[in-house]
Structure formats: C-alpha cells, structure tokens
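> PDB, N, CA, C and O atoms and all ligand atoms, saved as data.pdb, coming up:
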```
ATOM      1  N   MET A   1       0.839  -1.194   0.000
ATOM      2  CA  MET A   1       0.000   0.000   0.000
ATOM      3  C   MET A   1       0.879   1.251   0.000
ATOM      4  O   MET A   1       1.912   1.285   0.632
ATOM      5  N   ALA A   2       0.429   2.254  -0.688
ATOM      6  CA  ALA A   2       1.181   3.493  -0.720
ATOM      7  C   ALA A   2       0.196   4.653  -0.839
ATOM      8  O   ALA A   2      -0.897   4.490  -1.372
ATOM      9  N   VAL A   3       0.616   5.781  -0.332
ATOM     10  CA  VAL A   3      -0.268   6.942  -0.318
ATOM     11  C   VAL A   3       0.160   7.927  -1.406
ATOM     12  O   VAL A   3       1.327   8.292  -1.507
ATOM     13  N   CYS A   4      -0.810   8.342  -2.222
ATOM     14  CA  CYS A   4      -0.537   9.323  -3.264
ATOM     15  C   CYS A   4      -0.135  10.648  -2.638
ATOM     16  O   CYS A   4      -0.806  11.138  -1.715
ATOM     17  N   GLU A   5       0.958  11.225  -3.110
ATOM     18  CA  GLU A   5       1.432  12.461  -2.487
ATOM     19  C   GLU A   5       0.674  13.689  -2.972
ATOM     20  O   GLU A   5       0.860  14.775  -2.444
ATOM     21  N   VAL A   6      -0.198  13.529  -3.954
ATOM     22  CA  VAL A   6      -1.011  14.663  -4.417
ATOM     23  C   VAL A   6      -2.362  14.687  -3.701
ATOM     24  O   VAL A   6      -2.759  15.700  -3.141
ATOM     25  N   CYS A   7      -3.076  13.580  -3.685
ATOM     26  CA  CYS A   7      -4.431  13.563  -3.116
ATOM     27  C   CYS A   7      -4.529  12.751  -1.833
ATOM     28  O   CYS A   7      -5.607  12.638  -1.256
ATOM     29  N   ASN A   8      -3.412  12.169  -1.374
ATOM     30  CA  ASN A   8      -3.370  11.390  -0.129
ATOM     31  C   ASN A   8      -4.256  10.147  -0.153
ATOM     32  O   ASN A   8      -4.600   9.611   0.894
ATOM     33  N   ASN A   9      -4.613   9.704  -1.322
ATOM     34  CA  ASN A   9      -5.380   8.474  -1.448
ATOM     35  C   ASN A   9      -4.476   7.271  -1.160
ATOM     36  O   ASN A   9      -3.380   7.169  -1.706
ATOM     37  N   ASP A  10      -4.927   6.406  -0.276
ATOM     38  CA  ASP A  10      -4.171   5.194   0.047
ATOM     39  C   ASP A  10      -4.660   4.084  -0.875
ATOM     40  O   ASP A  10      -5.758   3.573  -0.724
ATOM     41  N   TYR A  11      -3.839   3.748  -1.859
ATOM     42  CA  TYR A  11      -4.314   2.930  -2.959
ATOM     43  C   TYR A  11      -3.346   1.797  -3.214
ATOM     44  O   TYR A  11      -2.135   2.000  -3.336
ATOM     45  N   GLU A  12      -3.866   0.570  -3.298
ATOM     46  CA  GLU A  12      -2.968  -0.584  -3.434
ATOM     47  C   GLU A  12      -2.254  -0.639  -4.778
ATOM     48  O   GLU A  12      -1.219  -1.263  -4.915
ATOM     49  N   MET A  13      -2.820   0.038  -5.781
ATOM     50  CA  MET A  13      -2.182   0.043  -7.098
ATOM     51  C   MET A  13      -1.330   1.293  -7.332
ATOM     52  O   MET A  13      -1.003   1.621  -8.465
ATOM     53  N   ALA A  14      -1.019   2.002  -6.284
ATOM     54  CA  ALA A  14      -0.185   3.196  -6.421
ATOM     55  C   ALA A  14       1.148   2.823  -7.066
ATOM     56  O   ALA A  14       1.628   1.694  -6.939
ATOM     57  N   PHE A  15       1.732   3.774  -7.745
ATOM     58  CA  PHE A  15       3.001   3.513  -8.428
ATOM     59  C   PHE A  15       3.998   4.629  -8.117
ATOM     60  O   PHE A  15       3.611   5.709  -7.668
ATOM     61  N   GLU A  16       5.262   4.333  -8.366
ATOM     62  CA  GLU A  16       6.315   5.298  -8.093
ATOM     63  C   GLU A  16       6.894   5.851  -9.379
ATOM     64  O   GLU A  16       7.005   5.145 -10.383
ATOM     65  N   ILE A  17       7.258   7.116  -9.327
ATOM     66  CA  ILE A  17       8.007   7.710 -10.430
ATOM     67  C   ILE A  17       9.326   8.210  -9.862
ATOM     68  O   ILE A  17       9.347   8.936  -8.871
ATOM     69  N   HIS A  18      10.407   7.790 -10.478
ATOM     70  CA  HIS A  18      11.729   8.221 -10.050
ATOM     71  C   HIS A  18      12.188   9.331 -10.987
ATOM     72  O   HIS A  18      12.283   9.137 -12.190
ATOM     73  N   ALA A  19      12.442  10.496 -10.406
ATOM     74  CA  ALA A  19      12.838  11.632 -11.228
ATOM     75  C   ALA A  19      13.860  12.468 -10.489
ATOM     76  O   ALA A  19      13.659  12.804  -9.316
ATOM     77  N   ALA A  20      14.952  12.782 -11.168
ATOM     78  CA  ALA A  20      15.990  13.655 -10.613
ATOM     79  C   ALA A  20      16.418  13.204  -9.221
ATOM     80  O   ALA A  20      16.651  14.008  -8.327
ATOM     81  N   GLY A  21      16.523  11.886  -9.013
ATOM     82  CA  GLY A  21      17.029  11.359  -7.757
ATOM     83  C   GLY A  21      15.991  11.251  -6.660
ATOM     84  O   GLY A  21      16.259  10.715  -5.599
ATOM     85  N   ALA A  22      14.766  11.748  -6.907
ATOM     86  CA  ALA A  22      13.700  11.663  -5.913
ATOM     87  C   ALA A  22      12.682  10.619  -6.344
ATOM     88  O   ALA A  22      12.574  10.295  -7.529
ATOM     89  N   VAL A  23      11.950  10.074  -5.376
ATOM     90  CA  VAL A  23      10.913   9.099  -5.676
ATOM     91  C   VAL A  23       9.558   9.699  -5.312
ATOM     92  O   VAL A  23       9.369  10.199  -4.212
ATOM     93  N   HIS A  24       8.655   9.691  -6.260
ATOM     94  CA  HIS A  24       7.314  10.228  -6.036
ATOM     95  C   HIS A  24       6.308   9.085  -6.138
ATOM     96  O   HIS A  24       6.451   8.208  -6.979
ATOM     97  N   THR A  25       5.302   9.128  -5.284
ATOM     98  CA  THR A  25       4.284   8.079  -5.267
ATOM     99  C   THR A  25       2.934   8.672  -5.655
ATOM    100  O   THR A  25       2.506   9.682  -5.094
ATOM    101  N   PHE A  26       2.281   8.037  -6.615
ATOM    102  CA  PHE A  26       0.986   8.530  -7.096
ATOM    103  C   PHE A  26       0.010   7.368  -7.243
ATOM    104  O   PHE A  26       0.421   6.232  -7.471
ATOM    105  N   ASP A  27      -1.272   7.680  -7.171
ATOM    106  CA  ASP A  27      -2.289   6.661  -7.368
ATOM    107  C   ASP A  27      -2.860   6.688  -8.780
ATOM    108  O   ASP A  27      -3.597   5.797  -9.176
ATOM    109  N   SER A  28      -2.554   7.743  -9.522
ATOM    110  CA  SER A  28      -3.104   7.849 -10.878
ATOM    111  C   SER A  28      -2.198   8.708 -11.741
ATOM    112  O   SER A  28      -1.409   9.518 -11.232
ATOM    113  N   ILE A  29      -2.345   8.540 -13.038
ATOM    114  CA  ILE A  29      -1.576   9.357 -13.970
ATOM    115  C   ILE A  29      -1.981  10.826 -13.834
ATOM    116  O   ILE A  29      -1.155  11.726 -13.959
ATOM    117  N   GLU A  30      -3.253  11.048 -13.540
ATOM    118  CA  GLU A  30      -3.709  12.421 -13.394
ATOM    119  C   GLU A  30      -2.977  13.122 -12.249
ATOM    120  O   GLU A  30      -2.538  14.264 -12.377
ATOM    121  N   CYS A  31      -2.846  12.436 -11.115
ATOM    122  CA  CYS A  31      -2.131  13.027  -9.983
ATOM    123  C   CYS A  31      -0.654  13.213 -10.324
ATOM    124  O   CYS A  31      -0.044  14.220  -9.970
ATOM    125  N   ALA A  32      -0.080  12.250 -11.016
ATOM    126  CA  ALA A  32       1.323  12.356 -11.409
ATOM    127  C   ALA A  32       1.527  13.568 -12.315
ATOM    128  O   ALA A  32       2.479  14.330 -12.145
ATOM    129  N   ALA A  33       0.597  13.766 -13.251
ATOM    130  CA  ALA A  33       0.707  14.894 -14.168
ATOM    131  C   ALA A  33       0.574  16.207 -13.421
ATOM    132  O   ALA A  33       1.288  17.171 -13.692
ATOM    133  N   GLN A  34      -0.328  16.229 -12.444
ATOM    134  CA  GLN A  34      -0.538  17.452 -11.675
ATOM    135  C   GLN A  34       0.740  17.858 -10.961
ATOM    136  O   GLN A  34       1.079  19.029 -10.867
ATOM    137  N   LYS A  35       1.471  16.863 -10.467
ATOM    138  CA  LYS A  35       2.685  17.143  -9.710
ATOM    139  C   LYS A  35       3.902  17.350 -10.614
ATOM    140  O   LYS A  35       4.729  18.218 -10.375
ATOM    141  N   MET A  36       4.019  16.534 -11.666
ATOM    142  CA  MET A  36       5.263  16.464 -12.419
ATOM    143  C   MET A  36       5.267  17.282 -13.709
ATOM    144  O   MET A  36       6.321  17.724 -14.144
ATOM    145  N   ALA A  37       4.111  17.443 -14.330
ATOM    146  CA  ALA A  37       4.106  18.043 -15.658
ATOM    147  C   ALA A  37       4.348  19.546 -15.587
ATOM    148  O   ALA A  37       3.716  20.239 -14.790
ATOM    149  N   PRO A  38       5.249  20.052 -16.396
ATOM    150  CA  PRO A  38       5.444  21.495 -16.457
ATOM    151  C   PRO A  38       4.256  22.177 -17.117
ATOM    152  O   PRO A  38       3.459  21.529 -17.798
ATOM    153  N   ILE A  39       4.133  23.476 -16.910
ATOM    154  CA  ILE A  39       3.015  24.247 -17.465
ATOM    155  C   ILE A  39       3.555  25.133 -18.596
ATOM    156  O   ILE A  39       4.584  25.778 -18.443
ATOM    157  N   CYS A  40       2.839  25.159 -19.696
ATOM    158  CA  CYS A  40       3.242  26.009 -20.814
ATOM    159  C   CYS A  40       3.198  27.481 -20.393
ATOM    160  O   CYS A  40       2.205  27.939 -19.831
ATOM    161  N   GLU A  41       4.282  28.202 -20.661
ATOM    162  CA  GLU A  41       4.362  29.605 -20.268
ATOM    163  C   GLU A  41       3.365  30.455 -21.053
ATOM    164  O   GLU A  41       2.986  31.531 -20.621
ATOM    165  N   ASN A  42       2.971  29.987 -22.205
ATOM    166  CA  ASN A  42       2.119  30.792 -23.072
ATOM    167  C   ASN A  42       0.636  30.515 -22.884
ATOM    168  O   ASN A  42      -0.147  31.435 -22.693
ATOM    169  N   CYS A  43       0.240  29.244 -22.906
ATOM    170  CA  CYS A  43      -1.196  28.938 -22.862
ATOM    171  C   CYS A  43      -1.605  28.260 -21.565
ATOM    172  O   CYS A  43      -2.771  27.930 -21.390
ATOM    173  N   GLN A  44      -0.643  28.036 -20.634
ATOM    174  CA  GLN A  44      -0.940  27.482 -19.306
ATOM    175  C   GLN A  44      -1.483  26.056 -19.322
ATOM    176  O   GLN A  44      -2.023  25.595 -18.329
ATOM    177  N   CYS A  45      -1.351  25.361 -20.443
ATOM    178  CA  CYS A  45      -1.797  23.966 -20.430
ATOM    179  C   CYS A  45      -0.689  23.096 -19.828
ATOM    180  O   CYS A  45       0.475  23.487 -19.818
ATOM    181  N   ARG A  46      -1.046  21.937 -19.293
ATOM    182  CA  ARG A  46      -0.049  21.008 -18.789
ATOM    183  C   ARG A  46       0.633  20.304 -19.956
ATOM    184  O   ARG A  46      -0.024  19.873 -20.888
ATOM    185  N   ILE A  47       1.952  20.202 -19.859
ATOM    186  CA  ILE A  47       2.715  19.602 -20.948
ATOM    187  C   ILE A  47       2.894  18.122 -20.664
ATOM    188  O   ILE A  47       3.669  17.729 -19.805
ATOM    189  N   LEU A  48       2.133  17.303 -21.377
ATOM    190  CA  LEU A  48       2.190  15.856 -21.177
ATOM    191  C   LEU A  48       2.977  15.174 -22.285
ATOM    192  O   LEU A  48       3.361  14.026 -22.163
ATOM    193  N   GLY A  49       3.200  15.891 -23.363
ATOM    194  CA  GLY A  49       3.995  15.350 -24.455
ATOM    195  C   GLY A  49       5.456  15.751 -24.279
ATOM    196  O   GLY A  49       5.925  15.970 -23.176
ATOM    197  N   HIS A  50       6.165  15.875 -25.354
ATOM    198  CA  HIS A  50       7.572  16.204 -25.271
ATOM    199  C   HIS A  50       7.794  17.643 -24.835
ATOM    200  O   HIS A  50       8.603  17.913 -23.974
ATOM    201  N   GLY A  51       7.078  18.567 -25.417
ATOM    202  CA  GLY A  51       7.238  19.956 -25.023
ATOM    203  C   GLY A  51       8.601  20.504 -25.392
ATOM    204  O   GLY A  51       9.450  19.823 -25.964
ATOM    205  N   LEU A  52       8.800  21.749 -25.054
ATOM    206  CA  LEU A  52      10.036  22.448 -25.374
ATOM    207  C   LEU A  52      10.466  23.245 -24.157
ATOM    208  O   LEU A  52       9.647  23.678 -23.359
ATOM    209  N   GLN A  53      11.773  23.461 -24.026
ATOM    210  CA  GLN A  53      12.271  24.225 -22.905
ATOM    211  C   GLN A  53      13.355  25.173 -23.360
ATOM    212  O   GLN A  53      14.197  24.833 -24.175
ATOM    213  N   SER A  54      13.316  26.395 -22.837
ATOM    214  CA  SER A  54      14.371  27.357 -23.121
ATOM    215  C   SER A  54      14.487  28.320 -21.950
ATOM    216  O   SER A  54      13.484  28.848 -21.473
ATOM    217  N   ASP A  55      15.704  28.525 -21.462
ATOM    218  CA  ASP A  55      15.940  29.422 -20.333
ATOM    219  C   ASP A  55      15.035  29.110 -19.143
ATOM    220  O   ASP A  55      14.551  30.003 -18.458
ATOM    221  N   GLY A  56      14.780  27.821 -18.894
ATOM    222  CA  GLY A  56      13.972  27.439 -17.744
ATOM    223  C   GLY A  56      12.487  27.623 -17.947
ATOM    224  O   GLY A  56      11.708  27.410 -17.034
ATOM    225  N   GLN A  57      12.071  28.051 -19.132
ATOM    226  CA  GLN A  57      10.649  28.195 -19.426
ATOM    227  C   GLN A  57      10.193  27.034 -20.287
ATOM    228  O   GLN A  57      10.919  26.599 -21.185
ATOM    229  N   PHE A  58       8.997  26.538 -19.994
ATOM    230  CA  PHE A  58       8.467  25.394 -20.730
ATOM    231  C   PHE A  58       7.345  25.821 -21.656
ATOM    232  O   PHE A  58       6.544  26.684 -21.316
ATOM    233  N   PHE A  59       7.294  25.188 -22.796
ATOM    234  CA  PHE A  59       6.223  25.452 -23.765
ATOM    235  C   PHE A  59       5.706  24.123 -24.295
ATOM    236  O   PHE A  59       6.471  23.180 -24.457
ATOM    237  N   CYS A  60       4.396  24.095 -24.590
ATOM    238  CA  CYS A  60       3.799  22.840 -25.046
ATOM    239  C   CYS A  60       4.126  22.581 -26.508
ATOM    240  O   CYS A  60       4.075  21.452 -26.968
ATOM    241  N   CYS A  61       4.436  23.631 -27.263
ATOM    242  CA  CYS A  61       4.679  23.466 -28.694
ATOM    243  C   CYS A  61       5.479  24.660 -29.206
ATOM    244  O   CYS A  61       5.584  25.684 -28.525
ATOM    245  N   ALA A  62       6.016  24.525 -30.393
ATOM    246  CA  ALA A  62       6.838  25.593 -30.958
ATOM    247  C   ALA A  62       6.021  26.856 -31.181
ATOM    248  O   ALA A  62       6.534  27.970 -31.067
ATOM    249  N   HIS A  63       4.751  26.689 -31.473
ATOM    250  CA  HIS A  63       3.889  27.849 -31.675
ATOM    251  C   HIS A  63       3.871  28.716 -30.415
ATOM    252  O   HIS A  63       4.041  29.933 -30.479
ATOM    253  N   CYS A  64       3.683  28.087 -29.264
ATOM    254  CA  CYS A  64       3.664  28.842 -28.004
ATOM    255  C   CYS A  64       5.029  29.456 -27.721
ATOM    256  O   CYS A  64       5.120  30.569 -27.214
ATOM    257  N   ALA A  65       6.092  28.734 -28.002
ATOM    258  CA  ALA A  65       7.438  29.272 -27.784
ATOM    259  C   ALA A  65       7.654  30.523 -28.625
ATOM    260  O   ALA A  65       8.204  31.518 -28.147
ATOM    261  N   ARG A  66       7.168  30.487 -29.852
ATOM    262  CA  ARG A  66       7.322  31.658 -30.716
ATOM    263  C   ARG A  66       6.487  32.825 -30.205
ATOM    264  O   ARG A  66       6.925  33.979 -30.249
ATOM    265  N   GLN A  67       5.304  32.516 -29.681
ATOM    266  CA  GLN A  67       4.454  33.571 -29.113
ATOM    267  C   GLN A  67       5.183  34.289 -27.979
ATOM    268  O   GLN A  67       4.998  35.477 -27.768
ATOM    269  N   ALA A  68       5.985  33.550 -27.247
ATOM    270  CA  ALA A  68       6.693  34.110 -26.097
ATOM    271  C   ALA A  68       8.055  34.679 -26.491
ATOM    272  O   ALA A  68       8.824  35.093 -25.638
ATOM    273  N   GLY A  69       8.387  34.653 -27.764
ATOM    274  CA  GLY A  69       9.614  35.276 -28.234
ATOM    275  C   GLY A  69      10.783  34.341 -28.456
ATOM    276  O   GLY A  69      11.893  34.791 -28.693
ATOM    277  N   PHE A  70      10.532  33.038 -28.335
ATOM    278  CA  PHE A  70      11.618  32.072 -28.571
ATOM    279  C   PHE A  70      11.511  31.533 -29.996
ATOM    280  O   PHE A  70      11.077  30.398 -30.230
ATOM    281  N   ALA A  71      11.884  32.366 -30.933
ATOM    282  CA  ALA A  71      11.674  32.045 -32.347
ATOM    283  C   ALA A  71      12.521  30.859 -32.801
ATOM    284  O   ALA A  71      12.224  30.222 -33.798
ATOM    285  N   GLN A  72      13.600  30.564 -32.067
ATOM    286  CA  GLN A  72      14.509  29.512 -32.519
ATOM    287  C   GLN A  72      14.025  28.110 -32.183
ATOM    288  O   GLN A  72      14.551  27.132 -32.685
ATOM    289  N   LEU A  73      13.020  27.999 -31.306
ATOM    290  CA  LEU A  73      12.559  26.668 -30.903
ATOM    291  C   LEU A  73      11.675  26.050 -31.978
ATOM    292  O   LEU A  73      10.827  26.708 -32.552
ATOM    293  N   VAL A  74      11.899  24.785 -32.222
ATOM    294  CA  VAL A  74      11.070  24.060 -33.182
ATOM    295  C   VAL A  74      10.573  22.768 -32.537
ATOM    296  O   VAL A  74      11.190  22.264 -31.611
ATOM    297  N   ASP A  75       9.462  22.255 -33.027
ATOM    298  CA  ASP A  75       8.922  21.004 -32.509
ATOM    299  C   ASP A  75       9.891  19.854 -32.743
ATOM    300  O   ASP A  75      10.561  19.793 -33.766
ATOM    301  N   HIS A  76       9.939  18.929 -31.765
ATOM    302  CA  HIS A  76      10.699  17.700 -31.980
ATOM    303  C   HIS A  76       9.933  16.847 -32.969
ATOM    304  O   HIS A  76       8.769  16.563 -32.774
ATOM    305  N   ALA A  77      10.594  16.414 -34.009
ATOM    306  CA  ALA A  77       9.902  15.601 -35.015
ATOM    307  C   ALA A  77       9.928  14.136 -34.581
ATOM    308  O   ALA A  77      10.845  13.708 -33.918
TER     309      ALA A  77
HETATM  310 ZN    ZN A 101      -3.715  10.950  -6.194
HETATM  311 ZN    ZN A 102       1.170  26.224 -25.011
END
```
Could you spell out this file's structure in structure tokens?


Amino acid sequence: MAVCEVCNNDYEMAFEIHAAGAVHTFDSIECAAQKMAPICENCQCRILGHGLQSDGQFFCCAHCARQAGFAQLVDHA
C-alpha cells in the first residue's frame, strides 16, 4: 500500500516515479501529471507530451514558444 502524495489516497495500485534522484508516489496518472508536468508559459496547459524548454521556461509546442519570443525553438519531429 502506498499513499498518493497529491491527493493522499491510500491505494494498493499506487506507483512510483523516479525523477531527478527523488521518488514520487501517485495513485493515478492524473495526480502524477498534476505534480510532475510542467506548465506552458504561453497557454498554461499542462505539458504531457515532449514539449520544449528554453531558459527554464516550458512550452507545449513551438507555436507557443514563438508567441513568447523564442523564435529559434522548433517542434521535436
Ligand atoms: Zn492521487
Ligand atoms: Zn502552449
């Protein structure tokens, strides 16, 4: 049994995500996304795909990066 660190649900099917040397425990992908997924600087959506990063800012797509002035960023093909 493990307790989700986002919603505190004690769930037997909880799973762990290891990231940057830390271990996080979640009961659902939704909770994991809420905790782990970066937010697009331009449209505020959660980035669940590859996304883009520049100067510590995250964007969901090249379009949003360009809106924010990062003209050099392109989508990962
Ligand atoms: Zn949860
Ligand atoms: Zn966006």

> Let me make sure I understand: among A:Cys31, A:Ala65, A:Ala71, A:Ala19, which one has the smallest atom-to-atom distance to ligand ZN 102 (chain A) if we use only C-alpha atoms and all ligand atoms?

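Among A:Cys31, A:Ala65, A:Ala71, A:Ala19, it is A:Ala65 that comes nearest to ligand ZN 102 (chain A).
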
> One number please: atom N of Phe15 (chain A) to CA of Val3 (chain A), in Å, one decimal.

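So the answer is 8.3 Å.
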
> Around ligand ZN 102 (chain A), out to 5 Å and counting all atoms listed in the file, which residues are there? I want them as a PyMOL selection string.

chain A and resi 40+42-43+60-61+64

> Those residues you just picked out, can you put them in a file as a short mmCIF file (atom, residue, chain, number, x, y, z; two decimals), keeping the file's coordinate frame with N, CA, C and O atoms?


```cif
data_model
loop_
_atom_site.label_atom_id
_atom_site.label_comp_id
_atom_site.auth_asym_id
_atom_site.auth_seq_id
_atom_site.Cartn_x
_atom_site.Cartn_y
_atom_site.Cartn_z
N CYS A 40 2.84 25.16 -19.70
CA CYS A 40 3.24 26.01 -20.81
C CYS A 40 3.20 27.48 -20.39
O CYS A 40 2.20 27.94 -19.83
N ASN A 42 2.97 29.99 -22.20
CA ASN A 42 2.12 30.79 -23.07
C ASN A 42 0.64 30.52 -22.88
O ASN A 42 -0.15 31.44 -22.69
N CYS A 43 0.24 29.24 -22.91
CA CYS A 43 -1.20 28.94 -22.86
C CYS A 43 -1.60 28.26 -21.56
O CYS A 43 -2.77 27.93 -21.39
N CYS A 60 4.40 24.10 -24.59
CA CYS A 60 3.80 22.84 -25.05
C CYS A 60 4.13 22.58 -26.51
O CYS A 60 4.08 21.45 -26.97
N CYS A 61 4.44 23.63 -27.26
CA CYS A 61 4.68 23.47 -28.69
C CYS A 61 5.48 24.66 -29.21
O CYS A 61 5.58 25.68 -28.52
N CYS A 64 3.68 28.09 -29.26
CA CYS A 64 3.66 28.84 -28.00
C CYS A 64 5.03 29.46 -27.72
O CYS A 64 5.12 30.57 -27.21
#
```

> All residues within 10 Å of ligand ZN 101 (chain A) are required, counting only C-alpha atoms and all ligand atoms; please report them as an NGL selection string.

:A and (3-11 or 14 or 25-35)

> At what distance in Å, to one decimal, does atom O of Ala2 (chain A) lie from atom N of Ala22 (chain A)?

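Going from atom N of Ala22 (chain A) over to atom O of Ala2 (chain A) covers 18.1 Å.
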
> By how many Å are CA of Gly49 (chain A) and CA of Met13 (chain A) apart?

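Taking CA of Gly49 (chain A) as the start and CA of Met13 (chain A) as the end point, the length is 24.0 Å.
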
> Rank nothing, just name the residue among A:Pro38, A:Cys45, A:Glu12, A:Val74 nearest to Phe58 (chain A), using only C-alpha atoms.

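Closest to Phe58 (chain A) of all the choices is A:Pro38.
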
> Could you check the closest approach to Gln67 (chain A) for each of A:Ile17, A:Leu52, A:Arg46, A:Glu41 and tell me which residue wins, using only C-alpha atoms?

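So, comparing all the options, the nearest one is A:Glu41.
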
> Can you pull out every residue from chain A that DSSP, working from the backbone, puts in alpha helix (DSSP H), and format the result as a VMD selection string?

chain A and resid 29 to 36 62 to 67

> Which residues in chain A does DSSP call strand (DSSP E)? List them as an MDAnalysis selection string.

chainID A and resid 2:3 10:11 15:19 22:26 52:54 57:59

> Hey, could you pull the box centre and edge lengths for region 47-58 of chain A, axis-aligned, 5 Å padding per side, all listed atoms, to one decimal in Å, as JSON?


```
{"center_x": 8.9, "center_y": 22.0, "center_z": -21.5, "size_x": 24.0, "size_y": 26.0, "size_z": 18.9}
```

> Select, from A:Ala68, A:Met1, A:Val23, A:Ala37, the residue with the minimum atom-to-atom distance to Gly51 (chain A), counting only C-alpha atoms.

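Going through A:Ala68, A:Met1, A:Val23, A:Ala37 one by one, the smallest distance to Gly51 (chain A) is for A:Ala37.
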
> Could you check which of A:Met36, A:Ile47, A:Ala20, A:Leu73 is closest to Phe59 (chain A), using only N, CA, C and O atoms?

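Ranking A:Met36, A:Ile47, A:Ala20, A:Leu73 by distance to Phe59 (chain A), first place goes to A:Ile47.
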
> With distances taken over only C-alpha atoms, which residue among A:Gln57, A:Gly21, A:Phe70, A:Glu16 lies nearest Gln44 (chain A)?

A:Gln57

> Reconstruct all heavy atoms of region 37-44 of chain A; output as a compact mmCIF listing (two decimals), in the frame of the given file.


```txt
# COMPACT_ATOMS: atom_id res chain seq x y z
N ALA A 37 4.11 17.44 -14.33
CA ALA A 37 4.11 18.04 -15.66
C ALA A 37 4.35 19.55 -15.59
O ALA A 37 3.72 20.24 -14.79
CB ALA A 37 2.77 17.76 -16.35
N PRO A 38 5.25 20.05 -16.40
CA PRO A 38 5.44 21.50 -16.46
C PRO A 38 4.26 22.18 -17.12
O PRO A 38 3.46 21.53 -17.80
CB PRO A 38 6.72 21.65 -17.30
CG PRO A 38 6.82 20.39 -18.08
CD PRO A 38 6.14 19.31 -17.29
N ILE A 39 4.13 23.48 -16.91
CA ILE A 39 3.02 24.25 -17.46
C ILE A 39 3.56 25.13 -18.60
O ILE A 39 4.58 25.78 -18.44
CB ILE A 39 2.42 25.16 -16.37
CG1 ILE A 39 2.07 24.33 -15.14
CG2 ILE A 39 1.23 25.96 -16.92
CD1 ILE A 39 0.68 23.89 -15.03
N CYS A 40 2.84 25.16 -19.70
CA CYS A 40 3.24 26.01 -20.81
C CYS A 40 3.20 27.48 -20.39
O CYS A 40 2.20 27.94 -19.83
CB CYS A 40 2.30 25.77 -22.00
SG CYS A 40 2.65 26.87 -23.39
N GLU A 41 4.28 28.20 -20.66
CA GLU A 41 4.36 29.60 -20.27
C GLU A 41 3.36 30.46 -21.05
O GLU A 41 2.99 31.53 -20.62
CB GLU A 41 5.77 30.15 -20.53
CG GLU A 41 6.86 29.49 -19.71
CD GLU A 41 6.93 30.06 -18.31
OE1 GLU A 41 6.35 31.12 -18.05
OE2 GLU A 41 7.59 29.42 -17.46
N ASN A 42 2.97 29.99 -22.20
CA ASN A 42 2.12 30.79 -23.07
C ASN A 42 0.64 30.52 -22.88
O ASN A 42 -0.15 31.44 -22.69
CB ASN A 42 2.51 30.56 -24.54
CG ASN A 42 1.73 31.47 -25.46
OD1 ASN A 42 1.80 32.68 -25.34
ND2 ASN A 42 0.98 30.88 -26.36
N CYS A 43 0.24 29.24 -22.91
CA CYS A 43 -1.20 28.94 -22.86
C CYS A 43 -1.60 28.26 -21.56
O CYS A 43 -2.77 27.93 -21.39
CB CYS A 43 -1.59 28.10 -24.07
SG CYS A 43 -0.93 26.43 -24.05
N GLN A 44 -0.64 28.04 -20.63
CA GLN A 44 -0.94 27.48 -19.31
C GLN A 44 -1.48 26.06 -19.32
O GLN A 44 -2.02 25.60 -18.33
CB GLN A 44 -1.94 28.38 -18.54
CG GLN A 44 -1.24 29.39 -17.63
CD GLN A 44 -0.63 30.52 -18.42
OE1 GLN A 44 -1.33 31.19 -19.13
NE2 GLN A 44 0.67 30.73 -18.29
```
